[in-house]
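Participant: So here's final27.txt, just compact mmCIF, C-alpha atoms:
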# COMPACT_ATOMS: atom_id res chain seq x y z
CA MET A 1 43.40 -7.02 -0.10
CA LEU A 2 46.32 -9.32 -0.88
CA ASP A 3 49.90 -8.10 -0.66
CA VAL A 4 52.32 -8.56 -3.56
CA LYS A 5 53.78 -11.82 -2.26
CA GLU A 6 50.35 -13.37 -1.67
CA LYS A 7 49.26 -12.37 -5.18
CA THR A 8 52.20 -14.19 -6.77
CA ASP A 9 52.06 -17.12 -4.34
CA LEU A 10 48.58 -17.92 -5.64
CA TYR A 11 50.27 -19.25 -8.77
CA ALA A 12 53.28 -20.88 -7.11
CA ALA A 13 51.43 -24.14 -6.41
CA GLN A 14 50.25 -24.28 -10.00
CA PHE A 15 53.80 -23.88 -11.25
CA GLU A 16 55.02 -26.52 -8.81
CA GLN A 17 52.63 -29.03 -10.36
CA ILE A 18 54.09 -28.31 -13.78
CA GLU A 19 57.67 -28.45 -12.46
CA ASN A 20 56.98 -31.84 -10.90
CA GLY A 21 55.44 -33.06 -14.13
CA THR A 22 52.05 -33.71 -12.55
CA ASP A 23 50.10 -31.20 -14.63
CA GLY A 24 50.31 -29.12 -17.77
CA LEU A 25 52.77 -29.43 -20.63
CA MET A 26 56.18 -30.44 -19.40
CA GLY A 27 58.03 -29.96 -22.66
CA SER A 28 61.72 -30.44 -23.32
CA ALA A 29 64.51 -29.42 -20.98
CA SER A 30 64.96 -26.12 -22.85
CA ILE A 31 61.24 -25.31 -22.64
CA MET A 32 61.20 -26.20 -18.96
CA ALA A 33 64.14 -23.85 -18.46
CA LYS A 34 62.12 -21.08 -20.12
CA ARG A 35 59.22 -21.88 -17.81
CA LYS A 36 61.40 -21.55 -14.73
CA ALA A 37 62.95 -18.31 -15.93
CA ALA A 38 59.50 -16.92 -16.74
CA PHE A 39 58.06 -17.76 -13.34
CA ALA A 40 61.07 -16.27 -11.58
CA ARG A 41 60.62 -13.12 -13.63
CA PHE A 42 56.90 -12.98 -12.82
CA GLY A 43 57.81 -13.17 -9.14
CA GLU A 44 60.12 -10.19 -9.58
CA LEU A 45 57.69 -8.11 -11.62
CA GLY A 46 54.43 -8.88 -9.87
CA PHE A 47 51.22 -7.64 -11.43
CA PRO A 48 51.47 -4.20 -13.04
CA THR A 49 49.71 -1.27 -11.39
CA THR A 50 48.43 2.04 -12.67
CA LYS A 51 51.76 3.53 -11.56
CA HIS A 52 53.35 1.75 -14.52
CA GLU A 53 53.23 4.03 -17.55
CA GLU A 54 52.16 1.22 -19.89
CA TRP A 55 49.29 0.28 -17.57
CA ARG A 56 48.14 3.61 -16.17
CA PHE A 57 44.73 3.41 -17.86
CA THR A 58 44.00 -0.24 -17.00
CA ASN A 59 43.67 -1.37 -13.40
CA VAL A 60 44.26 -5.13 -13.07
CA ALA A 61 43.78 -5.18 -9.29
CA PRO A 62 40.56 -7.25 -9.64
CA ILE A 63 42.63 -9.94 -11.40
CA ALA A 64 45.48 -9.78 -8.90
CA ASN A 65 43.14 -9.94 -5.89
CA THR A 66 40.97 -12.83 -7.08
CA THR A 67 41.86 -16.41 -6.27
CA PHE A 68 41.56 -18.19 -9.60
CA GLU A 69 41.68 -21.98 -9.74
CA ILE A 70 42.89 -24.28 -12.50
CA PRO A 71 39.64 -25.65 -13.98
CA SER A 72 38.92 -29.36 -13.81
CA THR A 73 36.09 -29.42 -16.33
CA ASP A 74 35.67 -32.53 -18.44
CA PRO A 75 35.81 -31.31 -22.07
CA THR A 76 33.30 -34.00 -23.04
CA SER A 77 30.65 -32.19 -20.98
CA VAL A 78 30.27 -29.62 -23.77
CA SER A 79 28.17 -30.66 -26.76
CA ALA A 80 28.75 -29.94 -30.41
CA GLU A 81 25.37 -28.19 -30.54
CA THR A 82 26.53 -25.74 -27.86
CA ILE A 83 29.55 -24.54 -29.79
CA ALA A 84 27.92 -24.56 -33.25
CA PRO A 85 27.11 -20.80 -33.22
CA LEU A 86 30.79 -20.03 -32.57
CA LEU A 87 32.21 -22.03 -35.46
CA VAL A 88 33.29 -20.28 -38.65
CA ASP A 89 33.11 -23.20 -41.08
CA ALA A 90 36.86 -23.70 -40.96
CA LYS A 91 37.42 -26.03 -43.89
CA ALA A 92 41.10 -26.31 -43.07
CA GLY A 93 40.41 -27.52 -39.52
CA THR A 94 39.04 -26.48 -36.14
CA LEU A 95 40.79 -26.93 -32.79
CA VAL A 96 38.49 -26.62 -29.76
CA PHE A 97 39.63 -26.16 -26.16
CA VAL A 98 37.31 -26.25 -23.15
CA ASP A 99 38.65 -24.52 -20.03
CA GLY A 100 42.13 -24.75 -21.50
CA ARG A 101 41.94 -28.47 -22.28
CA PHE A 102 41.97 -29.83 -25.81
CA ALA A 103 38.60 -31.33 -26.80
CA PRO A 104 39.25 -33.79 -29.67
CA GLN A 105 35.57 -34.80 -29.84
CA LEU A 106 34.62 -31.21 -30.67
CA SER A 107 37.57 -30.49 -32.96
CA ILE A 108 37.17 -30.97 -36.70
CA PRO A 109 39.97 -32.13 -39.01
CA GLY A 110 40.26 -30.16 -42.21
CA GLN A 111 41.74 -30.30 -45.66
CA LEU A 112 45.38 -29.31 -45.51
CA PRO A 113 48.20 -29.31 -48.04
CA LYS A 114 50.92 -31.92 -47.69
CA GLY A 115 53.26 -31.24 -44.80
CA ALA A 116 50.95 -28.76 -43.02
CA VAL A 117 50.25 -29.38 -39.33
CA VAL A 118 47.22 -28.24 -37.30
CA CYS A 119 47.08 -29.77 -33.84
CA SER A 120 47.20 -29.02 -30.15
CA LEU A 121 50.46 -27.74 -28.70
CA SER A 122 50.62 -30.78 -26.41
CA GLU A 123 50.47 -33.12 -29.40
CA ALA A 124 53.12 -31.13 -31.23
CA LEU A 125 55.37 -31.29 -28.17
CA ALA A 126 54.85 -35.03 -27.91
CA LYS A 127 55.82 -35.44 -31.57
CA GLY A 128 58.87 -33.24 -31.16
CA GLU A 129 57.90 -30.71 -33.83
CA PRO A 130 61.14 -28.80 -34.55
CA MET A 131 59.31 -25.47 -35.01
CA ILE A 132 58.44 -25.44 -31.31
CA GLU A 133 62.04 -25.48 -30.17
CA GLU A 134 62.88 -22.83 -32.74
CA HIS A 135 60.06 -20.38 -32.05
CA LEU A 136 58.14 -21.02 -28.81
CA ALA A 137 58.73 -18.21 -26.28
CA ARG A 138 61.34 -16.66 -28.57
CA HIS A 139 59.27 -13.78 -29.93
CA ALA A 140 56.87 -13.00 -27.08
CA THR A 141 59.47 -12.05 -24.51
CA PHE A 142 58.69 -11.76 -20.81
CA ASP A 143 61.49 -9.57 -19.48
CA ASP A 144 59.11 -6.70 -18.72
CA GLN A 145 55.73 -8.30 -19.37
CA ALA A 146 54.22 -9.88 -16.26
CA PHE A 147 51.24 -11.51 -17.98
CA THR A 148 53.44 -12.99 -20.73
CA ALA A 149 55.79 -14.31 -18.05
CA LEU A 150 52.86 -15.88 -16.20
CA ASN A 151 51.59 -17.50 -19.37
CA THR A 152 55.02 -18.82 -20.33
CA ALA A 153 55.45 -20.36 -16.90
CA LEU A 154 51.96 -21.87 -16.66
CA MET A 155 50.98 -22.49 -20.30
CA GLU A 156 48.75 -25.53 -20.42
CA ASP A 157 47.89 -26.17 -24.05
CA GLY A 158 46.96 -24.29 -27.18
CA GLY A 159 46.99 -24.32 -30.93
CA PHE A 160 49.96 -25.23 -33.10
CA ILE A 161 49.86 -24.41 -36.80
CA TYR A 162 52.68 -24.95 -39.27
CA ILE A 163 52.31 -24.26 -42.99
CA PRO A 164 55.42 -25.38 -44.91
CA LYS A 165 57.20 -23.50 -47.67
CA GLY A 166 55.16 -22.75 -50.77
CA LYS A 167 51.91 -24.27 -49.50
CA VAL A 168 48.57 -22.48 -49.77
CA VAL A 169 45.80 -23.35 -47.32
CA GLU A 170 42.39 -23.20 -48.96
CA GLY A 171 39.81 -22.17 -46.38
CA THR A 172 40.13 -21.09 -42.77
CA ILE A 173 41.81 -22.59 -39.70
CA GLN A 174 40.02 -21.85 -36.41
CA VAL A 175 41.30 -22.16 -32.85
CA LEU A 176 38.35 -21.86 -30.46
CA TYR A 177 38.67 -21.41 -26.68
CA LEU A 178 35.59 -21.93 -24.51
CA THR A 179 35.31 -21.19 -20.81
CA THR A 180 32.47 -22.64 -18.77
CA GLY A 181 32.87 -20.06 -16.00
CA GLN A 182 31.28 -22.18 -13.29
CA ARG A 183 33.63 -20.68 -10.67
CA PRO A 184 36.61 -18.30 -10.75
CA THR A 185 39.10 -20.14 -12.97
CA VAL A 186 42.17 -19.17 -14.97
CA CYS A 187 43.50 -20.47 -18.28
CA HIS A 188 46.78 -19.66 -20.02
CA PRO A 189 46.36 -20.68 -23.68
CA ARG A 190 49.54 -20.66 -25.75
CA ASN A 191 49.44 -20.51 -29.54
CA LEU A 192 52.28 -20.87 -32.01
CA PHE A 193 51.55 -20.23 -35.69
CA VAL A 194 54.37 -20.51 -38.24
CA VAL A 195 53.66 -19.76 -41.91
CA GLY A 196 56.59 -20.71 -44.10
CA GLU A 197 58.25 -18.99 -47.03
CA ASN A 198 55.80 -18.20 -49.88
CA ALA A 199 53.00 -19.92 -47.95
CA GLN A 200 49.49 -18.57 -47.35
CA ALA A 201 46.96 -19.12 -44.55
CA THR A 202 43.87 -17.66 -42.86
CA ILE A 203 43.65 -18.16 -39.09
CA VAL A 204 40.85 -17.28 -36.64
CA GLU A 205 41.31 -17.23 -32.85
CA SER A 206 38.01 -17.14 -30.93
CA TYR A 207 37.53 -16.75 -27.16
CA ALA A 208 34.06 -17.20 -25.68
CA GLY A 209 32.30 -17.87 -22.38
CA LEU A 210 29.47 -20.37 -22.15
CA ASP A 211 27.83 -19.92 -18.74
CA GLY A 212 28.87 -16.45 -17.57
CA GLY A 213 30.58 -16.05 -14.22
CA VAL A 214 33.99 -14.70 -13.28
CA TYR A 215 37.05 -16.16 -15.00
CA PHE A 216 40.41 -15.02 -16.34
CA THR A 217 41.87 -15.85 -19.75
CA ASN A 218 45.54 -15.02 -20.29
CA PRO A 219 46.47 -16.10 -23.84
CA VAL A 220 49.73 -15.55 -25.71
CA THR A 221 50.00 -16.01 -29.46
CA GLU A 222 53.20 -15.99 -31.48
CA LEU A 223 52.75 -15.68 -35.25
CA VAL A 224 55.81 -16.05 -37.45
CA ALA A 225 55.45 -14.98 -41.09
CA GLU A 226 58.42 -16.20 -43.09
CA GLU A 227 59.75 -14.55 -46.26
CA SER A 228 57.07 -13.65 -48.86
CA SER A 229 54.29 -15.34 -46.89
CA VAL A 230 50.72 -14.03 -46.77
CA VAL A 231 48.66 -14.35 -43.59
CA ASP A 232 45.15 -13.21 -42.70
CA HIS A 233 44.68 -13.41 -38.91
CA TYR A 234 41.68 -12.63 -36.70
CA LYS A 235 41.14 -12.57 -32.97
CA ALA A 236 37.54 -12.44 -31.73
CA VAL A 237 37.02 -11.78 -28.01
CA LEU A 238 33.46 -12.80 -27.15
CA GLU A 239 33.94 -13.44 -23.45
CA SER A 240 31.19 -13.47 -20.81
CA ALA A 241 30.10 -10.25 -19.12
CA GLU A 242 32.15 -10.83 -15.93
CA ALA A 243 35.28 -12.21 -17.60
CA TYR A 244 38.82 -10.81 -17.60
CA HIS A 245 40.90 -11.19 -20.74
CA VAL A 246 44.53 -10.06 -21.01
CA GLY A 247 45.93 -11.28 -24.31
CA THR A 248 49.33 -10.86 -25.95
CA PHE A 249 49.82 -11.20 -29.69
CA HIS A 250 53.35 -11.05 -31.10
CA LEU A 251 53.82 -10.94 -34.84
CA HIS A 252 57.28 -11.43 -36.34
CA GLN A 253 57.55 -10.73 -40.06
CA TYR A 254 60.41 -11.52 -42.40
CA ARG A 255 61.31 -10.06 -45.81
CA SER A 256 58.39 -9.25 -48.16
CA SER A 257 55.78 -10.91 -45.95
CA ASN A 258 52.25 -9.52 -45.93
CA VAL A 259 50.11 -9.89 -42.79
CA THR A 260 46.70 -8.53 -41.87
CA SER A 261 45.56 -9.01 -38.26
CA SER A 262 42.20 -7.89 -36.88
CA THR A 263 41.35 -7.74 -33.17
CA LEU A 264 37.62 -7.64 -32.46
CA SER A 265 36.57 -7.19 -28.82
CA MET A 266 32.88 -7.43 -27.98
CA GLY A 267 32.48 -9.31 -24.68
CA GLY A 268 34.22 -9.25 -21.31
CA LYS A 269 34.36 -7.01 -18.25
CA LEU A 270 38.03 -6.08 -18.69
CA ILE A 271 39.91 -6.68 -21.93
CA ARG A 272 43.49 -5.77 -22.69
CA ASN A 273 44.97 -6.64 -26.08
CA ASP A 274 48.75 -6.26 -26.32
CA ILE A 275 49.69 -6.33 -30.00
CA ASN A 276 53.40 -6.31 -30.83
CA THR A 277 54.69 -6.40 -34.39
CA ARG A 278 58.28 -6.57 -35.63
CA LEU A 279 58.88 -5.91 -39.33
CA ASP A 280 62.26 -7.61 -39.49
CA GLY A 281 63.05 -7.55 -43.19
CA GLU A 282 62.78 -5.35 -46.23
CA GLY A 283 59.47 -4.95 -48.03
CA CYS A 284 57.14 -6.14 -45.27
CA GLN A 285 53.50 -5.06 -45.26
CA CYS A 286 51.45 -5.12 -42.06
CA THR A 287 47.83 -4.11 -41.47
CA LEU A 288 46.40 -4.05 -37.95
CA ASN A 289 42.65 -3.46 -37.66
CA GLY A 290 40.48 -3.44 -34.56
CA ALA A 291 37.02 -2.70 -33.25
CA TYR A 292 35.15 -2.86 -29.96
CA VAL A 293 31.54 -2.19 -28.97
CA ILE A 294 31.07 -1.92 -25.19
CA ASP A 295 28.46 -0.87 -22.64
CA ASP A 296 27.80 -0.71 -18.88
CA SER A 297 31.18 -0.71 -17.05
CA GLN A 298 33.19 -2.65 -19.63
CA HIS A 299 36.82 -1.70 -20.16
CA VAL A 300 38.84 -2.35 -23.32
CA GLU A 301 42.43 -1.35 -24.00
CA ASN A 302 44.24 -1.97 -27.27
CA HIS A 303 47.96 -1.49 -26.73
CA LEU A 304 50.01 -1.61 -29.93
CA VAL A 305 53.74 -1.44 -30.65
CA VAL A 306 54.95 -1.65 -34.26
CA ASP A 307 58.71 -1.94 -34.72
CA HIS A 308 59.97 -1.02 -38.18
CA VAL A 309 63.39 -2.65 -38.36
CA GLY A 310 63.72 -3.35 -42.08
CA ALA A 311 63.68 -0.74 -44.83
CA HIS A 312 60.87 -0.21 -47.36
CA CYS A 313 58.18 -1.52 -45.00
CA ASP A 314 54.55 -0.35 -44.77
CA SER A 315 52.26 -0.55 -41.74
CA ARG A 316 48.65 0.53 -41.26
CA GLU A 317 46.70 0.64 -38.00
CA PHE A 318 42.98 1.33 -37.99
CA PHE A 319 41.04 0.95 -34.73
CA LYS A 320 37.47 1.97 -33.89
CA GLY A 321 35.47 1.93 -30.66
CA VAL A 322 31.84 2.43 -29.70
CA LEU A 323 31.19 3.22 -26.02
CA ASN A 324 27.97 3.45 -24.04
CA GLY A 325 27.02 3.49 -20.35
CA HIS A 326 29.99 3.87 -17.99
CA SER A 327 32.38 2.00 -20.26
CA ARG A 328 35.96 3.01 -20.95
CA GLY A 329 38.11 2.53 -24.02
CA VAL A 330 41.85 3.00 -24.35
CA PHE A 331 44.01 3.08 -27.44
CA SER A 332 47.78 3.25 -27.00
CA GLY A 333 49.75 2.92 -30.19
CA ARG A 334 53.47 3.40 -30.72
CA ILE A 335 55.34 3.20 -34.00
CA ASN A 336 59.09 2.72 -33.61
CA VAL A 337 61.15 3.39 -36.73
CA HIS A 338 64.62 1.99 -36.07
CA GLU A 339 67.84 3.39 -37.43
CA GLY A 340 68.30 2.11 -40.96
CA ALA A 341 64.57 1.54 -41.57
CA GLN A 342 64.53 4.02 -44.47
CA LYS A 343 61.51 4.42 -46.75
CA THR A 344 59.18 3.43 -43.93
CA ASP A 345 55.53 4.26 -44.60
CA ALA A 346 53.41 4.03 -41.44
CA LYS A 347 49.93 5.32 -40.67
CA GLN A 348 47.93 5.04 -37.46
CA THR A 349 44.24 5.94 -37.08
CA ASN A 350 42.01 5.68 -34.01
CA GLN A 351 38.35 6.72 -34.02
CA SER A 352 35.92 6.53 -31.10
CA LEU A 353 32.17 7.12 -30.90
CA ILE A 354 30.75 8.01 -27.48
CA LEU A 355 27.05 7.36 -26.86
CA SER A 356 26.87 8.33 -23.18
CA GLU A 357 28.05 11.28 -21.11
CA HIS A 358 29.56 8.80 -18.65
CA ALA A 359 31.70 6.88 -21.15
CA GLN A 360 35.42 7.67 -21.37
CA VAL A 361 38.06 7.36 -24.06
CA GLU A 362 41.83 7.67 -23.80
CA SER A 363 43.85 7.84 -27.01
CA LYS A 364 47.63 7.89 -26.95
CA PRO A 365 49.28 7.75 -30.39
CA GLN A 366 53.09 7.90 -30.44
CA LEU A 367 55.89 8.04 -32.99
CA GLU A 368 59.56 7.33 -32.31
CA ILE A 369 61.64 7.84 -35.44
CA PHE A 370 65.38 7.22 -35.82
CA ALA A 371 65.54 7.33 -39.62
CA ASP A 372 65.42 10.41 -41.85
CA ASP A 373 63.64 9.16 -44.99
CA VAL A 374 60.23 8.07 -43.73
CA LYS A 375 56.54 8.90 -44.01
CA CYS A 376 54.69 8.48 -40.70
CA THR A 377 51.34 9.89 -39.63
CA HIS A 378 48.90 9.34 -36.78
CA GLY A 379 45.47 10.68 -35.95
CA ALA A 380 42.78 10.24 -33.32
CA THR A 381 39.18 11.44 -33.19
CA VAL A 382 36.57 11.20 -30.43
CA GLY A 383 33.02 12.31 -31.10
CA GLN A 384 29.30 11.78 -30.72
CA ILE A 385 26.53 11.04 -33.20
CA ASP A 386 25.87 13.90 -35.58
CA ASP A 387 22.46 15.49 -34.88
CA ASP A 388 22.17 16.50 -38.53
CA ALA A 389 22.57 12.88 -39.60
CA ILE A 390 19.84 11.79 -37.17
CA PHE A 391 17.57 14.56 -38.50
CA TYR A 392 18.22 13.44 -42.08
CA LEU A 393 17.28 9.84 -41.31
CA ARG A 394 14.16 10.95 -39.44
CA THR A 395 13.02 12.85 -42.52
CA ARG A 396 13.23 9.49 -44.30
CA GLY A 397 10.74 7.92 -41.89
CA LEU A 398 12.96 6.45 -39.16
CA CYS A 399 12.30 7.07 -35.48
CA ALA A 400 15.06 8.79 -33.50
CA GLU A 401 16.18 5.58 -31.76
CA THR A 402 16.35 3.58 -34.97
CA ALA A 403 18.23 6.38 -36.71
CA ARG A 404 20.71 6.47 -33.85
CA SER A 405 21.19 2.68 -33.97
CA LEU A 406 21.70 2.76 -37.73
CA LEU A 407 24.45 5.38 -37.46
CA VAL A 408 26.22 3.42 -34.70
CA TYR A 409 25.97 0.26 -36.76
CA ALA A 410 27.40 1.99 -39.84
CA PHE A 411 30.32 3.35 -37.78
CA ALA A 412 31.27 -0.10 -36.46
CA ARG A 413 30.67 -1.87 -39.76
CA GLU A 414 33.58 -0.07 -41.40
CA ILE A 415 35.93 -2.41 -39.54
CA ILE A 416 33.66 -5.46 -39.67
CA ASP A 417 33.43 -5.16 -43.46
CA LEU A 418 37.20 -5.69 -43.61
CA VAL A 419 36.77 -9.21 -42.20
CA ARG A 420 37.19 -11.57 -45.15
CA VAL A 421 35.91 -14.70 -43.36
CA GLU A 422 32.18 -14.49 -44.07
CA PRO A 423 30.90 -16.64 -41.14
CA LEU A 424 33.00 -14.62 -38.68
CA ARG A 425 31.78 -11.39 -40.23
CA ALA A 426 28.18 -12.58 -39.77
CA GLN A 427 28.86 -13.51 -36.11
CA LEU A 428 30.25 -10.06 -35.35
CA ASP A 429 27.47 -8.37 -37.27
CA ASN A 430 24.82 -10.19 -35.23
CA TRP A 431 26.68 -9.38 -32.00
CA ILE A 432 26.72 -5.66 -32.77
CA ILE A 433 23.09 -5.53 -33.85
CA GLY A 434 22.10 -7.40 -30.69
CA ARG A 435 23.70 -4.69 -28.56
CA LEU A 436 21.80 -1.82 -30.19
CA PRO A 437 18.53 -0.49 -28.67
CA GLN A 438 16.64 -0.97 -31.92
CA GLY A 439 18.63 -3.95 -33.09
CA ARG A 440 15.68 -6.14 -33.98
CA MET A 441 14.03 -3.44 -36.06
CA LEU A 442 17.37 -2.60 -37.66
CA ARG A 443 17.93 -6.23 -38.63
CA GLU A 444 14.56 -6.29 -40.36
CA LYS A 445 15.37 -3.15 -42.31
CA LEU A 446 18.79 -4.45 -43.34
What do you get writing this file as structure tokens?

Facilitator:
Amino acid sequence: MLDVKEKTDLYAAQFEQIENGTDGLMGSASIMAKRKAAFARFGELGFPTTKHEEWRFTNVAPIANTTFEIPSTDPTSVSAETIAPLLVDAKAGTLVFVDGRFAPQLSIPGQLPKGAVVCSLSEALAKGEPMIEEHLARHATFDDQAFTALNTALMEDGGFIYIPKGKVVEGTIQVLYLTTGQRPTVCHPRNLFVVGENAQATIVESYAGLDGGVYFTNPVTELVAEESSVVDHYKAVLESAEAYHVGTFHLHQYRSSNVTSSTLSMGGKLIRNDINTRLDGEGCQCTLNGAYVIDDSQHVENHLVVDHVGAHCDSREFFKGVLNGHSRGVFSGRINVHEGAQKTDAKQTNQSLILSEHAQVESKPQLEIFADDVKCTHGATVGQIDDDAIFYLRTRGLCAETARSLLVYAFAREIIDLVRVEPLRAQLDNWIIGRLPQGRMLREKL
């Protein structure tokens, strides 16, 4: 077992390479200053433990105690045929990263409106894109977030998307991260998405493992929705069975913007999704959806904080989980209504379906309200499959196992049906059916 200093020292050499300009994205002087401040803060915080209130249900000791290396994989070693099943027909462009490194030979340029930019973060830095200086590491703060601090210090590359004022992107933009998992490696992808005033875009983030094995993915995404913009965002976690994934998503919305973000966690040994939203202007609308289907000893935590700062804002959270085996699911959602955020309308719903007597669910909805003219509700349900529903389906000619699988599928599909990107919806649908005991028979019936 490593002590606290040894755990943080594992990353000191990696940061030194960046500081010396021998590896990673150097960036401007101001970005390098943020890197240094972030690494210093990570050294002070260390990895969180279950003694921390915000982490008491998720034990990251396996991450802290594993020596992860920076991967040296050649991105050209992965073929286009290998990644084809993970693509979502992104007509507006696809960015592909292999073990954290941009793979231009696998990436696909798309049709974009004039002035729009879809490229790797390293390329955007090299070109001096002004949006990077304005927004990078501004919204996803690291004062009390160890994993965000670690990412900010060691960020290697990632996706950069900028949609200028008034432009509408037809089709989808995909940012795809692949990990080969040949040995314990770590990647710190950093994404910055800025959608300008009155602009519209659909963005898909996908994370997948190719060869199994133990690895750690620590992504941070900052999405800025300017005034009156419309954004449809998806994050699909399809990691390998032994992978660790701790991701932070920070959404900053300005006046009258409308954002829908869906987090869909299917693969991985330990997954933690930190989702932070700030409604920073009047008339914002935010919808956060999520689903996970897990088995064996998988662990998934969705940790949400929605800050209502502006008045007349609406937020909706709808998360579902299906648990089998010895798996564990955690939902922690907090809605903060700030002073002055009158006419807030916020609703939070969490539903879990347990298929095994060994599976566990923790649900922790919270409301903190400092305004007196609001409408806020939250609800959580945990249950098992209804025996009457199984009996009904059996009277219609289905065997007990197929009836059970059909009911589980219908429960999870309520979230999947909200996915408006058809190829992604089909991917998730196939993933869920493949996890069900009678999946093959169910697919034939459907």

Participant: Between A:Asp295, A:Asp274, A:Cys376, A:Gln111, single out the one closest to Trp55 in chain A, counting only C-alpha atoms.

Facilitator: A:Asp274

Participant: Which residue, A:Ser30, A:Asn198, A:Asn151, A:Thr76, has the smallest gap to Gln14 in chain A when you use all atoms listed in the file?

Facilitator: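 Under the stated criterion, the closest residue is A:Asn151.
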
Participant: Pick the closest to Thr179 in chain A from A:Ser240, A:Asn336, A:Thr381, A:Thr349: which is it, counting all atoms listed in the file?

Facilitator: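 Counting all atoms listed in the file, the residue closest to Thr179 in chain A is A:Ser240.
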
Participant: Check the smallest atom-to-atom distance from each of A:Arg255, A:Arg334, A:His135, A:Lys165 to His378 in chain A using only C-alpha atoms, then report the winner.

Facilitator: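 Residue with the minimum atom-to-atom distance to His378 in chain A: A:Arg334.
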
Participant: Choose the residue, out of A:Gly283, A:Gly321, A:Gly46, A:Gly268, that has the smallest atom-to-atom separation from Gly383 in chain A; count only C-alpha atoms.

Facilitator: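 Under the stated criterion, the closest residue is A:Gly321.
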
Participant: Extract, using all atoms listed in the file, all DNA, RNA and protein residues at most 12 Å from Leu87 in chain A, discarding same-chain residues fewer than 6 positions from it, and format them as a PyMOL selection string.

Facilitator: chain A and resi 80-81+93-96+106-108+172-178+204-208+236+421-427

Participant: Considering all atoms listed in the file, state which residue in the set A:Gly166, A:Gly209, A:Pro184, A:Gly128 is at the smallest distance from Phe97 in chain A.

Facilitator: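 That would be A:Gly209, the residue with the smallest distance to Phe97 in chain A.
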
Participant: Can you tell me, as a PDB file with C-alpha atoms, keeping the file's coordinate frame, what residues are no more than 12 Å from Glu129 in chain A when counting all atoms listed in the file, ignoring any on the same chain fewer than 3 positions away?

Facilitator:
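The resulting result.pdb:
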ATOM      1  CA  GLY A  27      58.030 -29.960 -22.660  1.00  0.00           C
ATOM      2  CA  SER A  28      61.720 -30.440 -23.320  1.00  0.00           C
ATOM      3  CA  GLY A 115      53.260 -31.240 -44.800  1.00  0.00           C
ATOM      4  CA  ALA A 116      50.950 -28.760 -43.020  1.00  0.00           C
ATOM      5  CA  VAL A 117      50.250 -29.380 -39.330  1.00  0.00           C
ATOM      6  CA  VAL A 118      47.220 -28.240 -37.300  1.00  0.00           C
ATOM      7  CA  CYS A 119      47.080 -29.770 -33.840  1.00  0.00           C
ATOM      8  CA  SER A 120      47.200 -29.020 -30.150  1.00  0.00           C
ATOM      9  CA  LEU A 121      50.460 -27.740 -28.700  1.00  0.00           C
ATOM     10  CA  SER A 122      50.620 -30.780 -26.410  1.00  0.00           C
ATOM     11  CA  GLU A 123      50.470 -33.120 -29.400  1.00  0.00           C
ATOM     12  CA  ALA A 124      53.120 -31.130 -31.230  1.00  0.00           C
ATOM     13  CA  LEU A 125      55.370 -31.290 -28.170  1.00  0.00           C
ATOM     14  CA  ALA A 126      54.850 -35.030 -27.910  1.00  0.00           C
ATOM     15  CA  ILE A 132      58.440 -25.440 -31.310  1.00  0.00           C
ATOM     16  CA  GLU A 133      62.040 -25.480 -30.170  1.00  0.00           C
ATOM     17  CA  GLU A 134      62.880 -22.830 -32.740  1.00  0.00           C
ATOM     18  CA  HIS A 135      60.060 -20.380 -32.050  1.00  0.00           C
ATOM     19  CA  LEU A 136      58.140 -21.020 -28.810  1.00  0.00           C
ATOM     20  CA  PHE A 160      49.960 -25.230 -33.100  1.00  0.00           C
ATOM     21  CA  ILE A 161      49.860 -24.410 -36.800  1.00  0.00           C
ATOM     22  CA  TYR A 162      52.680 -24.950 -39.270  1.00  0.00           C
ATOM     23  CA  LEU A 192      52.280 -20.870 -32.010  1.00  0.00           C
ATOM     24  CA  VAL A 194      54.370 -20.510 -38.240  1.00  0.00           C
TER      25      VAL A 194
END

Participant: Could you please determine the separation between CA of Ala241 in chain A and CA of Phe147 in chain A in Å, to one decimal place?

Facilitator: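 Atom-to-atom, CA of Ala241 in chain A and CA of Phe147 in chain A are spaced 21.2 Å apart.
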
Participant: Can you list, as a ChimeraX atom specification, every protein, DNA or RNA residue that comes within 6 Å of range 212-219 of chain A when you count all atoms listed in the file, leaving out same-chain residues fewer than 6 positions away?

Facilitator: /A:181,184-190,240,242-247

Participant: By how many Å are CA of Tyr254 in chain A and CA of Pro365 in chain A apart?

Facilitator: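 CA of Tyr254 in chain A sits 25.3 Å away from CA of Pro365 in chain A.
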
Participant: To one decimal in Å, tell me the separation between CA of Ile83 in chain A and CA of Val419 in chain A.

Facilitator: 21.0 Å

Participant: Could you list, as a list in words, every residue within 8 Å of Thr221 in chain A, counting only C-alpha atoms and ignoring same-chain residues fewer than 4 positions away?

Facilitator: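 Close residues of Thr221 in chain A: Ala140, Arg190, Asn191, Leu192, Phe193, Thr248, Phe249 and His250 of chain A.
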
Participant: Given the point (32.9, 3.7, -39.1) in the file's coordinates, find the residues that have an atom at most 10 Å from it, counting only C-alpha atoms, and give them as a list in words.

Facilitator: Ala291, Phe319, Lys320, Gly321, Val322, Gln351, Ser352, Leu353, Leu407, Val408, Tyr409, Ala410, Phe411, Ala412, Arg413, Glu414, Ile415, Ile416 and Asp417 of chain A
